[in-house]
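The file target18.cif comes next; it holds mmCIF, C-alpha atoms.
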```
data_work
#
loop_
_atom_site.group_PDB
_atom_site.id
_atom_site.type_symbol
_atom_site.label_atom_id
_atom_site.label_comp_id
_atom_site.auth_asym_id
_atom_site.auth_seq_id
_atom_site.Cartn_x
_atom_site.Cartn_y
_atom_site.Cartn_z
ATOM 1 C CA MET A 1493 14.374 -19.164 -11.883
ATOM 2 C CA LYS A 1494 14.618 -15.589 -13.202
ATOM 3 C CA ALA A 1495 14.412 -12.266 -11.406
ATOM 4 C CA ILE A 1496 15.037 -8.562 -11.866
ATOM 5 C CA LYS A 1497 18.594 -7.750 -10.856
ATOM 6 C CA VAL A 1498 19.626 -4.230 -9.842
ATOM 7 C CA THR A 1499 23.170 -3.290 -10.832
ATOM 8 C CA GLY A 1500 24.239 0.282 -10.309
ATOM 9 C CA GLY A 1501 20.626 1.387 -10.615
ATOM 10 C CA SER A 1502 20.114 -0.476 -13.906
ATOM 11 C CA LEU A 1503 17.641 -3.333 -14.158
ATOM 12 C CA SER A 1504 17.974 -6.648 -15.969
ATOM 13 C CA TRP A 1505 15.711 -9.720 -16.222
ATOM 14 C CA ALA A 1506 18.178 -12.548 -15.724
ATOM 15 C CA PRO A 1507 18.668 -16.029 -14.256
ATOM 16 C CA CYS A 1508 19.250 -16.128 -10.494
ATOM 17 C CA ASP A 1509 19.857 -18.690 -7.792
ATOM 18 C CA ALA A 1510 17.009 -21.102 -7.162
ATOM 19 C CA ILE A 1511 15.001 -20.814 -3.968
ATOM 20 C CA GLU A 1512 16.629 -22.411 -0.956
ATOM 21 C CA GLU A 1513 15.016 -25.131 1.134
ATOM 22 C CA LEU A 1514 11.441 -24.246 2.036
ATOM 23 C CA PRO A 1515 10.892 -23.540 5.782
ATOM 24 C CA ALA A 1516 8.084 -25.502 7.406
ATOM 25 C CA ASN A 1517 5.799 -22.453 7.781
ATOM 26 C CA HIS A 1518 6.307 -21.095 4.241
ATOM 27 C CA VAL A 1519 4.840 -21.685 0.814
ATOM 28 C CA GLU A 1520 6.469 -21.342 -2.582
ATOM 29 C CA ILE A 1521 4.505 -19.437 -5.242
ATOM 30 C CA ASP A 1522 4.895 -19.486 -9.007
ATOM 31 C CA VAL A 1523 4.494 -15.774 -9.640
ATOM 32 C CA VAL A 1524 2.135 -14.580 -12.377
ATOM 33 C CA TRP A 1525 1.794 -10.880 -11.460
ATOM 34 C CA THR A 1526 3.597 -8.419 -9.217
ATOM 35 C CA ALA A 1527 3.162 -4.670 -8.665
ATOM 36 C CA ILE A 1528 5.315 -1.570 -8.395
ATOM 37 C CA ASN A 1529 5.401 0.273 -5.077
ATOM 38 C CA ARG A 1530 7.342 3.407 -4.153
ATOM 39 C CA ALA A 1531 9.451 1.302 -1.820
ATOM 40 C CA ASP A 1532 10.783 -0.480 -4.922
ATOM 41 C CA LEU A 1533 11.912 2.838 -6.404
ATOM 42 C CA MET A 1534 13.607 3.764 -3.141
ATOM 43 C CA GLN A 1535 15.328 0.381 -2.830
ATOM 44 C CA ARG A 1536 16.552 0.629 -6.406
ATOM 45 C CA ALA A 1537 18.018 4.061 -5.594
ATOM 46 C CA GLY A 1538 19.867 2.585 -2.619
ATOM 47 C CA ILE A 1539 17.984 4.519 0.074
ATOM 48 C CA TYR A 1540 15.635 1.807 1.369
ATOM 49 C CA PRO A 1541 17.474 -1.479 1.887
ATOM 50 C CA PRO A 1542 15.451 -4.604 2.692
ATOM 51 C CA PRO A 1543 15.217 -5.642 6.359
ATOM 52 C CA PRO A 1544 17.845 -8.119 7.607
ATOM 53 C CA GLY A 1545 17.239 -11.598 6.225
ATOM 54 C CA ALA A 1546 14.830 -10.464 3.491
ATOM 55 C CA SER A 1547 15.368 -11.053 -0.218
ATOM 56 C CA ASP A 1548 17.208 -8.235 -1.976
ATOM 57 C CA ILE A 1549 14.997 -8.746 -5.050
ATOM 58 C CA LEU A 1550 12.463 -5.942 -5.536
ATOM 59 C CA GLY A 1551 8.744 -6.540 -5.105
ATOM 60 C CA LEU A 1552 6.432 -6.385 -2.082
ATOM 61 C CA GLU A 1553 3.371 -8.251 -3.394
ATOM 62 C CA VAL A 1554 2.458 -10.941 -5.896
ATOM 63 C CA SER A 1555 -0.311 -13.127 -7.171
ATOM 64 C CA GLY A 1556 0.203 -16.599 -8.540
ATOM 65 C CA ARG A 1557 -0.205 -20.309 -7.881
ATOM 66 C CA ILE A 1558 1.228 -22.259 -4.973
ATOM 67 C CA SER A 1559 3.795 -24.789 -6.119
ATOM 68 C CA THR A 1560 4.954 -26.191 -2.758
ATOM 69 C CA VAL A 1561 3.792 -25.981 0.854
ATOM 70 C CA GLY A 1562 5.930 -26.380 3.961
ATOM 71 C CA GLU A 1563 5.256 -29.329 6.233
ATOM 72 C CA ALA A 1564 3.653 -27.149 8.933
ATOM 73 C CA VAL A 1565 1.314 -25.306 6.543
ATOM 74 C CA THR A 1566 -2.413 -26.027 6.593
ATOM 75 C CA GLY A 1567 -5.111 -24.417 4.508
ATOM 76 C CA PHE A 1568 -3.142 -24.261 1.255
ATOM 77 C CA LYS A 1569 -2.190 -26.839 -1.335
ATOM 78 C CA PRO A 1570 -0.264 -26.843 -4.615
ATOM 79 C CA GLY A 1571 -2.273 -25.236 -7.408
ATOM 80 C CA ASP A 1572 -4.181 -22.810 -5.181
ATOM 81 C CA GLU A 1573 -4.461 -19.315 -6.651
ATOM 82 C CA VAL A 1574 -3.301 -16.800 -4.052
ATOM 83 C CA CYS A 1575 -1.988 -13.313 -3.460
ATOM 84 C CA ALA A 1576 0.699 -12.472 -0.929
ATOM 85 C CA LEU A 1577 2.299 -9.649 1.004
ATOM 86 C CA LEU A 1578 6.095 -9.852 0.787
ATOM 87 C CA THR A 1579 9.132 -8.377 2.474
ATOM 88 C CA GLY A 1580 10.866 -8.640 -0.897
ATOM 89 C CA GLY A 1581 11.310 -10.979 -3.849
ATOM 90 C CA GLY A 1582 8.251 -10.270 -5.997
ATOM 91 C CA TYR A 1583 10.035 -9.380 -9.250
ATOM 92 C CA ALA A 1584 10.832 -13.040 -9.910
ATOM 93 C CA THR A 1585 9.329 -16.201 -11.346
ATOM 94 C CA LYS A 1586 9.169 -17.807 -7.888
ATOM 95 C CA VAL A 1587 8.937 -16.490 -4.345
ATOM 96 C CA MET A 1588 9.022 -18.067 -0.906
ATOM 97 C CA VAL A 1589 6.773 -16.442 1.719
ATOM 98 C CA PRO A 1590 5.411 -17.231 5.199
ATOM 99 C CA ALA A 1591 1.955 -18.764 4.856
ATOM 100 C CA VAL A 1592 0.425 -16.188 7.243
ATOM 101 C CA GLN A 1593 1.156 -13.511 4.621
ATOM 102 C CA VAL A 1594 -0.754 -15.385 1.928
ATOM 103 C CA LEU A 1595 -4.482 -15.223 1.206
ATOM 104 C CA PRO A 1596 -6.700 -16.932 -1.369
ATOM 105 C CA VAL A 1597 -7.648 -14.820 -4.365
ATOM 106 C CA PRO A 1598 -11.011 -13.164 -3.579
ATOM 107 C CA LYS A 1599 -14.021 -14.864 -5.111
ATOM 108 C CA GLY A 1600 -14.531 -13.723 -8.687
ATOM 109 C CA TYR A 1601 -11.072 -12.154 -8.993
ATOM 110 C CA SER A 1602 -8.451 -12.852 -11.654
ATOM 111 C CA LEU A 1603 -4.803 -13.196 -10.707
ATOM 112 C CA GLU A 1604 -4.182 -9.868 -12.413
ATOM 113 C CA LYS A 1605 -6.697 -8.029 -10.263
ATOM 114 C CA ALA A 1606 -5.597 -9.845 -7.101
ATOM 115 C CA ALA A 1607 -2.007 -8.645 -7.530
ATOM 116 C CA ALA A 1608 -3.164 -5.090 -6.832
ATOM 117 C CA ILE A 1609 -4.547 -5.929 -3.385
ATOM 118 C CA PRO A 1610 -1.990 -7.030 -0.760
ATOM 119 C CA GLU A 1611 0.328 -4.078 -0.163
ATOM 120 C CA VAL A 1612 -2.189 -1.247 -0.430
ATOM 121 C CA PHE A 1613 -5.055 -2.819 1.477
ATOM 122 C CA ALA A 1614 -2.737 -4.175 4.177
ATOM 123 C CA THR A 1615 -1.162 -0.727 4.555
ATOM 124 C CA ALA A 1616 -4.576 0.935 4.587
ATOM 125 C CA TRP A 1617 -6.001 -1.401 7.228
ATOM 126 C CA LEU A 1618 -2.913 -1.236 9.424
ATOM 127 C CA ASN A 1619 -2.793 2.545 9.533
ATOM 128 C CA LEU A 1620 -6.482 3.421 9.623
ATOM 129 C CA TYR A 1621 -7.841 0.784 11.965
ATOM 130 C CA GLN A 1622 -4.864 -0.461 13.975
ATOM 131 C CA GLU A 1623 -2.524 2.517 14.296
ATOM 132 C CA ALA A 1624 -5.073 5.360 14.233
ATOM 133 C CA GLY A 1625 -7.947 3.288 15.631
ATOM 134 C CA LEU A 1626 -10.534 5.076 13.494
ATOM 135 C CA LYS A 1627 -14.066 4.730 14.786
ATOM 136 C CA PRO A 1628 -17.212 4.948 12.632
ATOM 137 C CA GLY A 1629 -17.994 8.565 11.852
ATOM 138 C CA GLU A 1630 -14.470 9.868 12.435
ATOM 139 C CA ARG A 1631 -13.116 11.869 9.512
ATOM 140 C CA MET A 1632 -9.751 11.652 7.774
ATOM 141 C CA LEU A 1633 -7.437 13.664 5.543
ATOM 142 C CA LEU A 1634 -5.514 11.737 2.909
ATOM 143 C CA HIS A 1635 -2.548 13.095 0.947
ATOM 144 C CA ALA A 1636 -1.329 11.668 -2.396
ATOM 145 C CA ALA A 1637 -4.831 10.317 -2.668
ATOM 146 C CA ALA A 1638 -4.693 9.065 -6.267
ATOM 147 C CA SER A 1639 -1.895 6.565 -5.643
ATOM 148 C CA GLY A 1640 -2.552 2.845 -5.448
ATOM 149 C CA LEU A 1641 -2.624 3.184 -1.667
ATOM 150 C CA GLY A 1642 -4.729 6.322 -1.738
ATOM 151 C CA THR A 1643 -7.425 4.825 -3.944
ATOM 152 C CA ALA A 1644 -7.621 1.823 -1.616
ATOM 153 C CA VAL A 1645 -7.805 4.047 1.485
ATOM 154 C CA ILE A 1646 -10.671 6.134 0.084
ATOM 155 C CA GLN A 1647 -12.763 3.049 -0.628
ATOM 156 C CA LEU A 1648 -11.934 1.268 2.618
ATOM 157 C CA ALA A 1649 -12.546 4.286 4.838
ATOM 158 C CA THR A 1650 -15.801 5.139 3.074
ATOM 159 C CA ALA A 1651 -17.017 1.542 3.393
ATOM 160 C CA PHE A 1652 -16.369 1.636 7.153
ATOM 161 C CA GLY A 1653 -18.107 4.953 7.703
ATOM 162 C CA ASN A 1654 -15.134 7.321 7.742
ATOM 163 C CA PRO A 1655 -15.512 10.368 5.444
ATOM 164 C CA VAL A 1656 -12.374 11.236 3.437
ATOM 165 C CA PHE A 1657 -10.901 14.565 2.365
ATOM 166 C CA ALA A 1658 -8.398 13.875 -0.424
ATOM 167 C CA THR A 1659 -5.510 15.961 -1.757
ATOM 168 C CA ALA A 1660 -3.656 15.406 -5.037
ATOM 169 C CA GLY A 1661 -1.958 17.499 -7.717
ATOM 170 C CA ASP A 1662 -4.199 16.924 -10.714
ATOM 171 C CA GLU A 1663 -7.891 17.673 -11.335
ATOM 172 C CA LYS A 1664 -8.448 14.420 -13.230
ATOM 173 C CA LYS A 1665 -7.017 12.485 -10.313
ATOM 174 C CA LEU A 1666 -9.223 14.392 -7.888
ATOM 175 C CA GLU A 1667 -12.294 13.548 -9.959
ATOM 176 C CA ILE A 1668 -11.415 9.864 -9.635
ATOM 177 C CA CYS A 1669 -11.065 10.359 -5.873
ATOM 178 C CA ARG A 1670 -14.587 11.815 -5.819
ATOM 179 C CA LYS A 1671 -15.950 8.861 -7.756
ATOM 180 C CA LEU A 1672 -14.305 6.468 -5.302
ATOM 181 C CA GLY A 1673 -16.028 8.182 -2.390
ATOM 182 C CA ALA A 1674 -14.004 11.212 -1.264
ATOM 183 C CA SER A 1675 -16.465 13.881 -0.095
ATOM 184 C CA GLY A 1676 -13.877 16.682 -0.025
ATOM 185 C CA VAL A 1677 -10.915 17.294 -2.363
ATOM 186 C CA TRP A 1678 -8.123 19.829 -2.808
ATOM 187 C CA ASN A 1679 -5.552 20.385 -5.561
ATOM 188 C CA ARG A 1680 -2.212 20.902 -3.837
ATOM 189 C CA ASN A 1681 -1.177 23.241 -6.671
ATOM 190 C CA ASP A 1682 -3.766 25.716 -5.372
ATOM 191 C CA GLY A 1683 -1.806 26.292 -2.166
ATOM 192 C CA SER A 1684 -2.464 25.238 1.417
ATOM 193 C CA PHE A 1685 -5.259 22.774 2.097
ATOM 194 C CA VAL A 1686 -5.859 24.099 5.613
ATOM 195 C CA ASP A 1687 -8.804 26.442 5.016
ATOM 196 C CA ALA A 1688 -10.563 23.942 2.751
ATOM 197 C CA VAL A 1689 -10.269 21.136 5.300
ATOM 198 C CA LYS A 1690 -11.411 23.396 8.148
ATOM 199 C CA SER A 1691 -14.460 24.417 6.088
ATOM 200 C CA TRP A 1692 -15.159 20.718 5.506
ATOM 201 C CA GLY A 1693 -15.279 20.247 9.284
ATOM 202 C CA GLY A 1694 -11.736 19.288 10.268
ATOM 203 C CA VAL A 1695 -10.433 15.744 10.679
ATOM 204 C CA ASP A 1696 -9.693 13.174 13.347
ATOM 205 C CA MET A 1697 -6.855 11.541 11.443
ATOM 206 C CA VAL A 1698 -4.336 12.363 8.720
ATOM 207 C CA LEU A 1699 -2.631 9.686 6.615
ATOM 208 C CA ASP A 1700 0.503 11.457 5.434
ATOM 209 C CA PRO A 1701 3.077 9.989 3.012
ATOM 210 C CA VAL A 1702 4.649 13.432 2.493
ATOM 211 C CA GLY A 1703 6.021 14.644 5.834
ATOM 212 C CA GLY A 1704 8.170 17.783 5.745
ATOM 213 C CA ALA A 1705 6.168 21.028 5.847
ATOM 214 C CA TYR A 1706 2.894 19.101 5.621
ATOM 215 C CA ILE A 1707 3.098 18.069 9.285
ATOM 216 C CA ALA A 1708 2.606 21.607 10.588
ATOM 217 C CA GLU A 1709 -0.329 22.049 8.203
ATOM 218 C CA ASP A 1710 -1.798 18.699 9.272
ATOM 219 C CA GLN A 1711 -1.810 19.857 12.878
ATOM 220 C CA LYS A 1712 -3.908 22.905 11.984
ATOM 221 C CA VAL A 1713 -6.830 20.778 10.748
ATOM 222 C CA LEU A 1714 -6.790 18.094 13.453
ATOM 223 C CA ASN A 1715 -9.610 17.933 15.958
ATOM 224 C CA VAL A 1716 -9.035 17.219 19.646
ATOM 225 C CA ASP A 1717 -7.509 13.732 20.094
ATOM 226 C CA GLY A 1718 -6.474 13.771 16.422
ATOM 227 C CA ARG A 1719 -3.815 11.451 15.005
ATOM 228 C CA ILE A 1720 -1.279 11.992 12.228
ATOM 229 C CA VAL A 1721 0.065 8.718 10.828
ATOM 230 C CA LEU A 1722 3.281 9.376 8.910
ATOM 231 C CA ILE A 1723 4.024 6.704 6.306
ATOM 232 C CA GLY A 1724 6.472 8.438 3.954
ATOM 233 C CA LEU A 1725 8.911 11.301 3.510
ATOM 234 C CA MET A 1726 8.283 12.555 -0.027
ATOM 235 C CA GLY A 1727 8.386 16.134 1.319
ATOM 236 C CA GLY A 1728 11.456 15.691 3.504
ATOM 237 C CA ARG A 1729 12.413 14.238 6.872
ATOM 238 C CA SER A 1730 12.435 17.472 8.915
ATOM 239 C CA ALA A 1731 9.255 19.164 10.155
ATOM 240 C CA GLU A 1732 8.031 21.794 12.596
ATOM 241 C CA VAL A 1733 5.646 20.500 15.251
ATOM 242 C CA ASP A 1734 3.713 22.830 17.520
ATOM 243 C CA LEU A 1735 4.131 21.039 20.818
ATOM 244 C CA GLY A 1736 1.732 23.408 22.538
ATOM 245 C CA VAL A 1737 -1.082 22.475 20.175
ATOM 246 C CA MET A 1738 -0.103 18.817 20.468
ATOM 247 C CA LEU A 1739 -0.339 19.023 24.246
ATOM 248 C CA ILE A 1740 -3.555 21.034 24.509
ATOM 249 C CA LYS A 1741 -5.429 19.080 21.826
ATOM 250 C CA ARG A 1742 -3.922 15.710 22.788
ATOM 251 C CA HIS A 1743 -2.601 15.128 19.279
ATOM 252 C CA ARG A 1744 -0.529 12.073 18.387
ATOM 253 C CA LEU A 1745 2.129 11.818 15.663
ATOM 254 C CA ILE A 1746 2.672 8.170 14.743
ATOM 255 C CA GLY A 1747 5.420 6.848 12.498
ATOM 256 C CA SER A 1748 4.391 3.676 10.690
ATOM 257 C CA THR A 1749 5.932 1.217 8.250
ATOM 258 C CA LEU A 1750 4.679 -2.209 7.249
ATOM 259 C CA ARG A 1751 7.652 -3.910 5.614
ATOM 260 C CA SER A 1752 9.865 -4.207 8.703
ATOM 261 C CA ARG A 1753 7.148 -5.443 11.066
ATOM 262 C CA THR A 1754 7.295 -8.862 12.647
ATOM 263 C CA LEU A 1755 5.803 -11.937 11.083
ATOM 264 C CA GLU A 1756 3.199 -11.967 13.868
ATOM 265 C CA ASP A 1757 2.187 -8.373 13.095
ATOM 266 C CA LYS A 1758 1.869 -9.034 9.377
ATOM 267 C CA GLY A 1759 -0.133 -12.171 10.058
ATOM 268 C CA LYS A 1760 -2.606 -10.185 12.166
ATOM 269 C CA VAL A 1761 -3.037 -7.613 9.407
ATOM 270 C CA MET A 1762 -3.657 -10.309 6.799
ATOM 271 C CA GLN A 1763 -6.144 -12.100 9.063
ATOM 272 C CA ALA A 1764 -8.004 -8.815 9.519
ATOM 273 C CA LEU A 1765 -8.088 -8.302 5.744
ATOM 274 C CA HIS A 1766 -9.492 -11.777 5.196
ATOM 275 C CA GLN A 1767 -12.172 -11.232 7.834
ATOM 276 C CA HIS A 1768 -13.214 -7.643 7.136
ATOM 277 C CA VAL A 1769 -12.075 -6.687 3.617
ATOM 278 C CA TRP A 1770 -12.257 -9.888 1.540
ATOM 279 C CA PRO A 1771 -16.091 -9.999 1.773
ATOM 280 C CA LEU A 1772 -16.267 -6.421 0.448
ATOM 281 C CA LEU A 1773 -13.912 -7.249 -2.430
ATOM 282 C CA SER A 1774 -15.841 -10.396 -3.341
ATOM 283 C CA ALA A 1775 -19.144 -8.493 -3.228
ATOM 284 C CA GLY A 1776 -17.817 -5.749 -5.512
ATOM 285 C CA GLN A 1777 -18.329 -3.044 -2.872
ATOM 286 C CA ILE A 1778 -14.671 -2.035 -3.134
ATOM 287 C CA GLU A 1779 -11.933 -2.997 -5.583
ATOM 288 C CA PRO A 1780 -8.307 -2.207 -6.306
ATOM 289 C CA LEU A 1781 -7.841 0.468 -8.945
ATOM 290 C CA ILE A 1782 -5.414 -0.654 -11.656
ATOM 291 C CA ASP A 1783 -3.801 2.084 -13.720
ATOM 292 C CA SER A 1784 -1.858 -0.026 -16.209
ATOM 293 C CA THR A 1785 -0.142 -3.352 -16.829
ATOM 294 C CA TRP A 1786 3.347 -3.915 -18.229
ATOM 295 C CA SER A 1787 5.460 -6.953 -19.030
ATOM 296 C CA ILE A 1788 8.396 -7.626 -16.731
ATOM 297 C CA GLU A 1789 10.687 -6.767 -19.647
ATOM 298 C CA GLN A 1790 9.214 -3.231 -19.557
ATOM 299 C CA VAL A 1791 10.101 -2.733 -15.893
ATOM 300 C CA GLU A 1792 12.404 0.248 -16.562
ATOM 301 C CA ASP A 1793 9.653 2.187 -18.328
ATOM 302 C CA ALA A 1794 7.033 1.149 -15.792
ATOM 303 C CA MET A 1795 9.118 2.327 -12.844
ATOM 304 C CA ALA A 1796 9.819 5.644 -14.579
ATOM 305 C CA TYR A 1797 6.074 6.057 -15.104
ATOM 306 C CA VAL A 1798 5.458 5.624 -11.367
ATOM 307 C CA ALA A 1799 8.395 7.851 -10.415
ATOM 308 C CA GLU A 1800 6.871 10.659 -12.502
ATOM 309 C CA ASN A 1801 3.535 10.320 -10.627
ATOM 310 C CA ARG A 1802 1.683 9.599 -13.850
ATOM 311 C CA ASN A 1803 -0.342 6.716 -12.442
ATOM 312 C CA THR A 1804 -3.731 6.742 -10.770
ATOM 313 C CA GLY A 1805 -3.961 3.426 -8.944
ATOM 314 C CA LYS A 1806 -1.684 0.411 -9.176
ATOM 315 C CA VAL A 1807 0.887 -0.360 -11.863
ATOM 316 C CA LEU A 1808 1.285 -4.104 -12.416
ATOM 317 C CA LEU A 1809 4.062 -6.219 -13.950
ATOM 318 C CA LYS A 1810 3.267 -9.507 -15.657
ATOM 319 C CA ILE A 1811 5.745 -12.287 -14.916
ATOM 320 C CA ALA A 1812 4.094 -15.341 -16.504
ATOM 321 C CA GLU A 1813 0.823 -16.727 -17.840
#
```
Could you render the structure from this file as structure tokens?
Amino acid sequence: MKAIKVTGGSLSWAPCDAIEELPANHVEIDVVWTAINRADLMQRAGIYPPPPGASDILGLEVSGRISTVGEAVTGFKPGDEVCALLTGGGYATKVMVPAVQVLPVPKGYSLEKAAAIPEVFATAWLNLYQEAGLKPGERMLLHAAASGLGTAVIQLATAFGNPVFATAGDEKKLEICRKLGASGVWNRNDGSFVDAVKSWGGVDMVLDPVGGAYIAEDQKVLNVDGRIVLIGLMGGRSAEVDLGVMLIKRHRLIGSTLRSRTLEDKGKVMQALHQHVWPLLSAGQIEPLIDSTWSIEQVEDAMAYVAENRNTGKVLLKIAE
């Protein structure tokens, strides 16, 4: 078995200990593709350690072929092509994962394309339809909209009848957001988004991976009973919140992460994806947007590319054939 090792911030593709005994409710996957997420960059920098008991190997999603199934697992068999949501361990030739976090590759999908699904669509579903409880017709504001997550959110929300206003820092990225379904866009380099979003009609929900000063601006565009779901701190961990507005308009500020949730919670999200999102993927109504693919030996360059915000959509790493 080989995996990416992190030593003092440097990365190396090297032999590692073989997977331990397989728990009864897990499967073992021979990894073919994995993907880079911002959590990987943060973990590499030493500011986002894995939850207790999780693998310290980077990587929160994979696609590949099942090699072994635990004795309590039903519905999967060796050789099945699958994709999986992980708590860690994806930058490796093999990974062990609870079966409830594994789904069959959508009909018509390659393993490459399937690797771009689990983390972003699970995060999108969790925050839009479980945390924020978006109802058909409710409108949302999305920051960092050209990321792998953002491009999934735009498509998912649009498919379920929720108009999207998207912000990003590049006109080319905003044009892609329009093509994916965003009906309002704003270049953050042009200043505050508040007036533009108000002119668009305001929003019932904000999905915010930025935090910091954005929170006060988010409040200004929220309708009565609006929800801000905070999923990242790219703009800092301190913010001003107008408690008077929050009280009068019944606003909610919700902090949300996926990685540290319980196995039961993750299983529910994956079941919801299989029921509601897999048919849309198989029908071609929505699809993950892939920016680029790199070999695992190019992981340093690939992570730098993501860190510099050069990608629109997912950046994938190929582990094996």
Pick out the residues sitting within 8 Å of Ala1614 in chain A, and hand them over as a ChimeraX atom specification; count all atoms listed in the file, and ignore anything fewer than 5 positions along from it in its own chain.
/A:1609,1761-1762,1765
Using all atoms listed in the file, pick whichever of A:Lys1760, A:Arg1729, A:Arg1802, A:Arg1536 has the shortest atom-to-atom distance to Gly1661 in chain A.
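The answer is A:Arg1802, which sits nearest to Gly1661 in chain A.
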Chain and number of each residue from the PyMOL selection byres ((chain A and resi 1700) around 7), as a ChimeraX atom specification:
/A:1634-1635,1698-1699,1701-1703,1721-1724
Report as a PyMOL selection string all protein, DNA and RNA residues lying within 10 Å of range 1788-1791 of chain A, evaluated on only C-alpha atoms, omitting residues in the same chain fewer than 3 positions from it.
chain A and resi 1495-1496+1503-1505+1525-1526+1528+1583-1584+1785+1794-1797+1808-1812
Interatomic distance (Å, one decimal) between CA of Gly1556 in chain A and CA of Ala1799 in chain A
25.9 Å
Given the file above and the PyMOL selection byres ((chain A and resi 1779) around 10), which residues are selected, and can you give them as a ChimeraX atom specification?
/A:1601,1605-1606,1608-1609,1613,1643-1644,1647-1648,1672,1769-1770,1772-1778,1780-1782
In Å to one decimal, how far is CA of Ser1502 in chain A from CA of Glu1792 in chain A?
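Here the two named atoms are 8.2 Å from each other.
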Taking only C-alpha atoms into account, which of A:Ala1607, A:Val1612, A:Val1686, A:Met1493 comes nearest Thr1585 in chain A?
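Closest to Thr1585 in chain A of all the choices is A:Met1493.
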What does the PyMOL selection byres ((chain A and resi 1544-1549) around 10) select in this file, as a list of chain:residue names?
A:Ala1495, A:Ile1496, A:Lys1497, A:Val1498, A:Asp1532, A:Gln1535, A:Arg1536, A:Pro1541, A:Pro1542, A:Pro1543, A:Leu1550, A:Gly1551, A:Leu1552, A:Leu1578, A:Thr1579, A:Gly1580, A:Gly1581, A:Gly1582, A:Tyr1583, A:Ala1584, A:Val1587, A:Met1588, A:Arg1751, A:Ser1752
